[in-house]
Each structure stands twice: as C-alpha cells, then as structure tokens.
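Encoded as structure tokens, the structure appears first; notes follow it.
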Amino acid sequence: MAPPGGETRILSVIFVDIRGFTALAEQLQPADVAAQLNRFYELASKAIFRHDGTLDKLVGDQVMGFFGAPIGRGDHAQRAVATAREIMRENMATASVDRLGIGIGIATGEAFVGNVGGGEVTDYTVLGHMVNVAARLQGEAVSGEILIAEETYAHVASQFPYATRYEFVLKGKSEPVIAWEIAGNSPPRLA
C-alpha cells in the first residue's frame, strides 16, 4: 500500500546469492530444494528486517533488500553491511551439511525508490546505477565473500581497516568499479 510514484534518494542495496545452487538442486529432490531455499530466504529476510531494511525480492536462489527507504536512516550503509555480516555468520553457524555457499554484493548511492509497474500490478522497489553495481558485485563474489562498493566502504572503512581492495570490470559498466572485500571467509583471490 505504498503511495503511487516514488522519489530519488541515497540508500544502500544488498544482493545475497547461493553459490553453486544449480548443481546442488540437481542432486536433491524437489522438496529438499524447497527446504534449502526456505531456510536461506528466512535467514536473509530476518537479517534484513532486524536491521530495519526492506525486503525487495526473493528470486530463485537470490535475495534483494535495501536500506534507507521507506524508513529514512542516515546509517543505511552500516545497516546493509551489518546485515551481510549477520547472514554470513548465521550461515557459518549451521551444520556443515546444511551450510550454503553465499556471495553478497552491496552498493550505496542515489536511486529511484517507489512503485513501478502498471495497472493492477506494481512493485515497490529501487532502480538505478548503484542497484546494478550491487547486483554485479554479488555476481563477482565467491562463496564467503562480501563485496562492497567504494561508496559503501567510505561509510564503514574504520571498521574494516584490513579490507581487500579490488577493481572489477562489470558487465554493462563503462568504467572499472572499485570494491572492497570485508568478510574474510573466502580463500584469497588469485591476482
């Protein structure tokens, strides 16, 4: 029941994805696939809600959320990062047989937030360059990694002085994107 239209505002977006899920689903019975997804959805959505985020979408083996709308909070980047760390921590605390490979991407910046669609079908979501950056960083993250865009890192740098800096050429982007890996749960990348 969000109001029609939307607005442009500064916020943070998180994408969380299960690594190797297609191969995992091939090995499991459909009911077991659903059980794995439901556990993942619950883990990610509860973490988003605990940090006052908005759950945007559950798509396949991916969860999208954002922070800073509709509840406007100045610490949205910190909340997104805290959510990502909680998801990783909770996932690592599960029994190894149920533990999932998870990659996370976060970006901060200006985006349109509001209702999109038409007629009877609308979706309260965020759109813009930084949303695409977050999605692409999630795609680059290996299992156990949290990759955050430079704009997000600027808000949390003092908490992660030993974060690893990377430069990515992301699909659809004309310029390389600087990102920082903050999880420390993944093996080091090859240079």
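Ordering of the structure tokens sets the chain letters (A, B, ...), residue numbers begin anew at 1 in every chain, and ligands are numbered from 1 in the order given.
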Secondary structure check, alpha helix (DSSP H) residues of region 39-190 of chain A, as an NGL selection string: :A and (39-50 or 76-92 or 129-140 or 150-156)
Give me the residues of region 39-157 of chain A that have any atom at most 12 Å from an atom of region 27-33 of chain A; for each, the nearest atom pair and the distance in Å, rounded to one decimal. Use only C-alpha atoms, sort by chain and number, and format it as a Markdown table.
| residue | atom | partner | partner_atom | distance |
| --- | --- | --- | --- | --- |
| A:Arg39 | CA | A:Val33 | CA | 10.0 |
| A:Phe40 | CA | A:Val33 | CA | 10.7 |
| A:Gly60 | CA | A:Val33 | CA | 10.8 |
| A:Asp61 | CA | A:Val33 | CA | 10.1 |
| A:Asp98 | CA | A:Asp32 | CA | 11.0 |
Contacts of region 56-107 of chain A with region 151-171 of chain A up to 8 Å, shortest pair per row, only C-alpha atoms, as CSV:
residue,atom,partner,partner_atom,distance
A:Ala77,CA,A:Thr152,CA,5.7
A:Gln78,CA,A:Val156,CA,6.4
A:Ile106,CA,A:Thr152,CA,7.2
A:Ala107,CA,A:Thr152,CA,5.7
Write the residues you've just listed into a file as a short mmCIF file (atom, residue, chain, number, x, y, z; two decimals), in the first residue's frame, and include N, CA, C and O atoms for each of them.
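The result, stored in selection.cif:
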data_model
loop_
_atom_site.label_atom_id
_atom_site.label_comp_id
_atom_site.auth_asym_id
_atom_site.auth_seq_id
_atom_site.Cartn_x
_atom_site.Cartn_y
_atom_site.Cartn_z
N ALA A 77 24.12 2.46 5.04
CA ALA A 77 25.27 1.67 4.59
C ALA A 77 25.74 0.74 5.72
O ALA A 77 26.01 -0.45 5.49
N GLN A 78 25.82 1.28 6.92
CA GLN A 78 26.23 0.45 8.07
C GLN A 78 25.22 -0.68 8.30
O GLN A 78 25.60 -1.80 8.64
N ILE A 106 27.03 -5.28 -2.12
CA ILE A 106 26.36 -4.10 -1.56
C ILE A 106 26.86 -2.86 -2.27
O ILE A 106 28.06 -2.73 -2.53
N ALA A 107 25.95 -1.95 -2.56
CA ALA A 107 26.33 -0.65 -3.12
C ALA A 107 25.47 0.44 -2.47
O ALA A 107 24.35 0.18 -2.02
#
Apply DSSP to the backbone of this structure and, from region 13-175 of chain A, keep only the residues in strand (DSSP E); write these as a PDB file with C-alpha atoms, in the first residue's frame.
ATOM      1  CA  VAL A  13      21.192  -2.130  -1.661  1.00  0.00           C
ATOM      2  CA  ILE A  14      22.179  -5.709  -0.838  1.00  0.00           C
ATOM      3  CA  PHE A  15      22.061  -8.792  -3.061  1.00  0.00           C
ATOM      4  CA  VAL A  16      22.633 -12.220  -1.491  1.00  0.00           C
ATOM      5  CA  ASP A  17      23.005 -15.317  -3.661  1.00  0.00           C
ATOM      6  CA  ILE A  18      23.640 -19.017  -3.119  1.00  0.00           C
ATOM      7  CA  THR A  54      13.161  -3.519   3.182  1.00  0.00           C
ATOM      8  CA  LEU A  55      12.939  -6.959   1.601  1.00  0.00           C
ATOM      9  CA  ASP A  56      12.601  -6.277  -2.115  1.00  0.00           C
ATOM     10  CA  LYS A  57      12.627  -9.652  -3.854  1.00  0.00           C
ATOM     11  CA  LEU A  58      13.138 -13.374  -3.478  1.00  0.00           C
ATOM     12  CA  VAL A  59      14.196 -14.569  -6.931  1.00  0.00           C
ATOM     13  CA  GLN A  62      18.796 -14.760  -4.586  1.00  0.00           C
ATOM     14  CA  VAL A  63      17.507 -12.211  -2.069  1.00  0.00           C
ATOM     15  CA  MET A  64      17.459  -8.459  -2.678  1.00  0.00           C
ATOM     16  CA  GLY A  65      16.934  -5.858   0.011  1.00  0.00           C
ATOM     17  CA  PHE A  66      17.559  -2.183   0.597  1.00  0.00           C
ATOM     18  CA  PHE A  67      18.135   0.220   3.454  1.00  0.00           C
ATOM     19  CA  ILE A 102      26.848 -17.484  -0.220  1.00  0.00           C
ATOM     20  CA  GLY A 103      28.139 -14.416  -2.071  1.00  0.00           C
ATOM     21  CA  ILE A 104      26.986 -10.877  -1.229  1.00  0.00           C
ATOM     22  CA  GLY A 105      27.212  -7.530  -3.029  1.00  0.00           C
ATOM     23  CA  ILE A 106      26.357  -4.105  -1.556  1.00  0.00           C
ATOM     24  CA  ALA A 107      26.331  -0.646  -3.118  1.00  0.00           C
ATOM     25  CA  THR A 108      25.365   2.798  -1.860  1.00  0.00           C
ATOM     26  CA  GLY A 109      24.215   5.785  -3.857  1.00  0.00           C
ATOM     27  CA  GLU A 110      21.360   7.623  -5.465  1.00  0.00           C
ATOM     28  CA  ALA A 111      18.419   5.516  -6.648  1.00  0.00           C
ATOM     29  CA  PHE A 112      14.760   5.824  -7.533  1.00  0.00           C
ATOM     30  CA  VAL A 113      12.624   4.227  -4.852  1.00  0.00           C
ATOM     31  CA  GLY A 114       8.918   3.739  -5.304  1.00  0.00           C
ATOM     32  CA  ASN A 115       6.247   1.844  -7.154  1.00  0.00           C
ATOM     33  CA  VAL A 116       6.911   0.606 -10.669  1.00  0.00           C
ATOM     34  CA  GLY A 117       4.609  -1.361 -12.912  1.00  0.00           C
ATOM     35  CA  GLY A 118       1.195  -0.604 -14.223  1.00  0.00           C
ATOM     36  CA  VAL A 121       0.461  -4.957 -10.747  1.00  0.00           C
ATOM     37  CA  THR A 122       3.027  -2.739  -9.047  1.00  0.00           C
ATOM     38  CA  ASP A 123       6.250  -3.394  -7.212  1.00  0.00           C
ATOM     39  CA  TYR A 124       7.829  -1.218  -4.507  1.00  0.00           C
ATOM     40  CA  THR A 125      11.489  -1.364  -5.471  1.00  0.00           C
ATOM     41  CA  VAL A 126      14.683   0.567  -6.156  1.00  0.00           C
ATOM     42  CA  LEU A 127      16.186   1.337  -9.551  1.00  0.00           C
ATOM     43  CA  ILE A 146      31.014  -9.746   0.904  1.00  0.00           C
ATOM     44  CA  LEU A 147      31.963  -7.245  -1.793  1.00  0.00           C
ATOM     45  CA  ILE A 148      31.003  -3.643  -1.100  1.00  0.00           C
ATOM     46  CA  ALA A 149      31.233  -0.728  -3.497  1.00  0.00           C
ATOM     47  CA  THR A 164      40.989  -6.065   0.477  1.00  0.00           C
ATOM     48  CA  ARG A 165      40.573  -3.642  -2.433  1.00  0.00           C
ATOM     49  CA  TYR A 166      39.637  -4.962  -5.876  1.00  0.00           C
ATOM     50  CA  GLU A 167      38.904  -3.368  -9.210  1.00  0.00           C
ATOM     51  CA  PHE A 168      36.268  -5.052 -11.372  1.00  0.00           C
TER      52      PHE A 168
END
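Counting only C-alpha atoms, the residue from A:Leu43, A:Leu137, A:Met130, A:Ile10 that sits nearest to Thr94 (chain A) is A:Leu43.
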Atomic separation - CA of Ala135 (chain A) relative to CA of Ser174 (chain A), Å: 15.8 Å
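Minimum atom-to-atom distance to Ala23 (chain A), evaluated using only C-alpha atoms, belongs to A:Gly101 out of A:Gly101, A:Ala35, A:Ala84, A:Ile71.
The space between CA of Asp52 (chain A) and CA of Asn91 (chain A) spans 20.0 Å.
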Nearby residues (only C-alpha atoms) at most 10 Å from Glu86 (chain A), same-chain spacing under 6 positions excluded, as a PyMOL selection string: chain A and resi 43-44+46-48+50-51+80+92
Quick one: write out the picked residues with all heavy atoms as a short mmCIF file (atom, residue, chain, number, x, y, z; two decimals), in the first residue's frame?
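In the end it all went to out.cif:
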data_model
loop_
_atom_site.label_atom_id
_atom_site.label_comp_id
_atom_site.auth_asym_id
_atom_site.auth_seq_id
_atom_site.Cartn_x
_atom_site.Cartn_y
_atom_site.Cartn_z
N LEU A 43 16.70 -16.95 6.64
CA LEU A 43 17.94 -16.40 7.18
C LEU A 43 18.18 -14.98 6.68
O LEU A 43 18.41 -14.06 7.47
CB LEU A 43 19.11 -17.31 6.77
CG LEU A 43 20.51 -16.81 7.08
CD1 LEU A 43 20.87 -17.15 8.52
CD2 LEU A 43 21.52 -17.43 6.14
N ALA A 44 18.10 -14.78 5.36
CA ALA A 44 18.38 -13.47 4.78
C ALA A 44 17.31 -12.44 5.12
O ALA A 44 17.62 -11.31 5.48
CB ALA A 44 18.54 -13.60 3.27
N LYS A 46 15.15 -12.35 7.65
CA LYS A 46 15.16 -11.96 9.07
C LYS A 46 16.30 -10.99 9.37
O LYS A 46 16.12 -10.05 10.13
CB LYS A 46 15.26 -13.20 9.96
CG LYS A 46 13.94 -13.93 10.12
CD LYS A 46 14.07 -15.06 11.11
CE LYS A 46 12.73 -15.70 11.36
NZ LYS A 46 12.81 -16.80 12.35
N ALA A 47 17.45 -11.23 8.76
CA ALA A 47 18.58 -10.32 8.97
C ALA A 47 18.26 -8.93 8.41
O ALA A 47 18.56 -7.91 9.04
CB ALA A 47 19.85 -10.88 8.33
N ILE A 48 17.67 -8.87 7.23
CA ILE A 48 17.28 -7.59 6.64
C ILE A 48 16.30 -6.87 7.55
O ILE A 48 16.47 -5.68 7.84
CB ILE A 48 16.69 -7.81 5.23
CG1 ILE A 48 17.80 -8.22 4.26
CG2 ILE A 48 15.98 -6.54 4.73
CD1 ILE A 48 17.30 -8.72 2.91
N ARG A 50 15.81 -7.29 10.80
CA ARG A 50 16.42 -6.93 12.08
C ARG A 50 17.19 -5.61 12.00
O ARG A 50 17.35 -4.91 13.00
CB ARG A 50 17.36 -8.04 12.55
CG ARG A 50 16.79 -8.89 13.65
CD ARG A 50 17.82 -9.80 14.29
NE ARG A 50 18.39 -10.77 13.40
CZ ARG A 50 17.84 -11.95 13.08
NH1 ARG A 50 16.68 -12.28 13.59
NH2 ARG A 50 18.45 -12.77 12.27
N HIS A 51 17.66 -5.28 10.81
CA HIS A 51 18.43 -4.05 10.63
C HIS A 51 17.60 -2.96 9.94
O HIS A 51 18.15 -2.04 9.34
CB HIS A 51 19.72 -4.35 9.86
CG HIS A 51 20.64 -5.25 10.63
ND1 HIS A 51 21.47 -4.79 11.63
CD2 HIS A 51 20.83 -6.59 10.58
CE1 HIS A 51 22.14 -5.81 12.14
NE2 HIS A 51 21.78 -6.91 11.53
N ALA A 80 23.29 -2.12 6.02
CA ALA A 80 23.44 -3.12 4.96
C ALA A 80 24.64 -4.02 5.23
O ALA A 80 24.55 -5.25 5.08
CB ALA A 80 23.59 -2.42 3.60
N MET A 92 27.38 -19.66 8.57
CA MET A 92 28.55 -20.43 9.01
C MET A 92 28.27 -21.20 10.31
O MET A 92 28.91 -22.21 10.57
CB MET A 92 29.75 -19.51 9.21
CG MET A 92 30.27 -18.88 7.92
SD MET A 92 30.69 -20.08 6.65
CE MET A 92 32.16 -20.79 7.36
#
For Trp180 (chain A), the nearest of the candidates A:Ala93, A:Val81, A:Met88, A:Leu37, counting only C-alpha atoms: A:Val81
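If you look at CA of Val142 (chain A) and CA of Ala69 (chain A), they are 28.4 Å away from each other.
With only C-alpha atoms as the atoms that count, the minimum distance from Arg85 (chain A) to the choices A:Ala183, A:Ser45, A:Ser12, A:Gly128 is reached by A:Ala183.
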